[in-house]
Structure formats: C-alpha cells, structure tokens
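*Asks:* Can you read through this structure? Questions will come right after.
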Amino acid sequence: MQHKIEDYQHRHVNNYNRMDENNPGDVIVGIDAPPQYPQAPLTVAASTMGVQEPTKPFAFDALIVSVVSYVCCCSLLGFFGIIAALLSYSDHRVNDHVSHKSKRNIALGCSIAGIVIGLLTIITIIAVCVSTISAVSHVADSGREFNLDG
C-alpha cells in the first residue's frame with residue numbers, strides 16, 4: 001500500500017515539474033496543480049513581534065468626576081481635571097496609551113482633590129455660619145438680661 005502511494009506521488013510530482021520538450025521554458029501543469037503566486041521573502045520587523053493590547057473603549061469616569069467637581073464644588077481643580085480628561089481622550093483616540101493613562105490619572109487626582117477641598121470648604125462655611133448665629137443669639141439673649149435702659 002505504501003509503495004502505491006509513493007508511486008502516485010512520484011508520478012504526480014513529475015507531471016507538474018516536467019518541462020515541455022517543444023518549449024523548454026514552459027512547464028506542463030496538471031489539472032489540479034496548485035496556483036503559482038510570486039512570493040516575497042518573509043521579513044518580520046522586531047517592533048511587530050510584541051503583542052498589542054486590544055483597544056479598549058474610552059472610560060469617561062475621569063471626565064464625569066471632573067464635571068461633578070467643577071459644577072458641585074465650584075472648584076478650579078475640577079476645571080483643570082476637565083482639561084486633563086479631554087486631553088486624555090485625545091490621546092486615547094490616537095492609541096497613545098501611556099499618555100492617556102497619565103493624563104487620566106492627573107484628571108482623577110485634580111477632580112478628587114477638588115471635591116475634597118470643596119466639601120471641606122462647604123463644611124467650614126456651614127460651621128462658621130452656625131457658630132456666628134449661635135454667638136449672635138447668645139449676645140442678644142445676654143443683652144436682655146442686663147436691661148441697661150433703666
């Protein structure tokens with residue numbers, strides 16, 4: 001059985017590679033011969049050997065936190081966070097992932113700092129107002145006790 005297969009392969013290959021006696025430059029090709037395409041030498045650049053990470057969709061979390069910081073806490077840091085988040089988005093669009101992550105972290109840092117500082121400012125203002133109202137009412141109450149008019 002093995003001999004028959006080898007004989008078939010030998011005749012099959014010889015039919016493809018046999019030169020035409022009348023035209024020595026022509027090769028006789030069988031009916032089911034594989035197509036002959038010109039092949040360029042395979043070259044692989046060293047930079048394409050690394051595995052590219054798949055492009056992930058842009059996460060709008062830094063932009064959302066920046067807008068919340070700017071609108072709710074009236075924070076200048078929220079404004080800088082919005083600018084950094086938009087720059088991060090433009091870096092993401094051109095697949096510059098290192099700059100994208102760096103600017104995204106800057107945007108989140110500015111926004112979170114703006115929210116914290118804004119909340120501390122709001123709490124401080126409320127505490128000062130409450131203590132002022134309390135002090136004024138205490139002075140008003142103490143003035144009634146000492147009726148100096150006569």
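Naming scheme: A, B, ... for chains in displayed order of the structure tokens; residues 1 onward per chain; ligands 1 onward as shown.
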Quick one: everything within 7 Å of segment 84-92 of chain A, counting only C-alpha atoms, minus sequence neighbours fewer than 6 positions away in the same chain. Send it as a list in words.
*Replies:*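 Selected residues are Phe58, Ala62, Leu63, Ser99, His100, Lys103, Arg104, Ile106 and Ala107 of chain A.
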*Asks:* Keeping C-alpha atoms for every residue in the selection just given, could you write it to a file as a PDB file, in the first residue's frame?
*Replies:*
```pdb
ATOM      1  CA  PHE A  58     -12.638  55.166  26.484  1.00  0.00           C
ATOM      2  CA  ALA A  62     -12.381  60.934  34.849  1.00  0.00           C
ATOM      3  CA  LEU A  63     -14.426  63.383  32.790  1.00  0.00           C
ATOM      4  CA  SER A  99      -0.016  59.458  27.808  1.00  0.00           C
ATOM      5  CA  HIS A 100      -3.706  58.534  28.016  1.00  0.00           C
ATOM      6  CA  LYS A 103      -3.446  62.335  31.841  1.00  0.00           C
ATOM      7  CA  ARG A 104      -6.398  60.285  33.068  1.00  0.00           C
ATOM      8  CA  ILE A 106      -3.971  63.610  36.567  1.00  0.00           C
ATOM      9  CA  ALA A 107      -7.636  64.332  35.788  1.00  0.00           C
TER      10      ALA A 107
END
```
*Asks:* For atom CA of Phe79 of chain A and atom CA of Leu119 of chain A, quote the distance in Å rounded to one decimal.
*Replies:*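 Computing it gives 16.1 Å between the two atoms.
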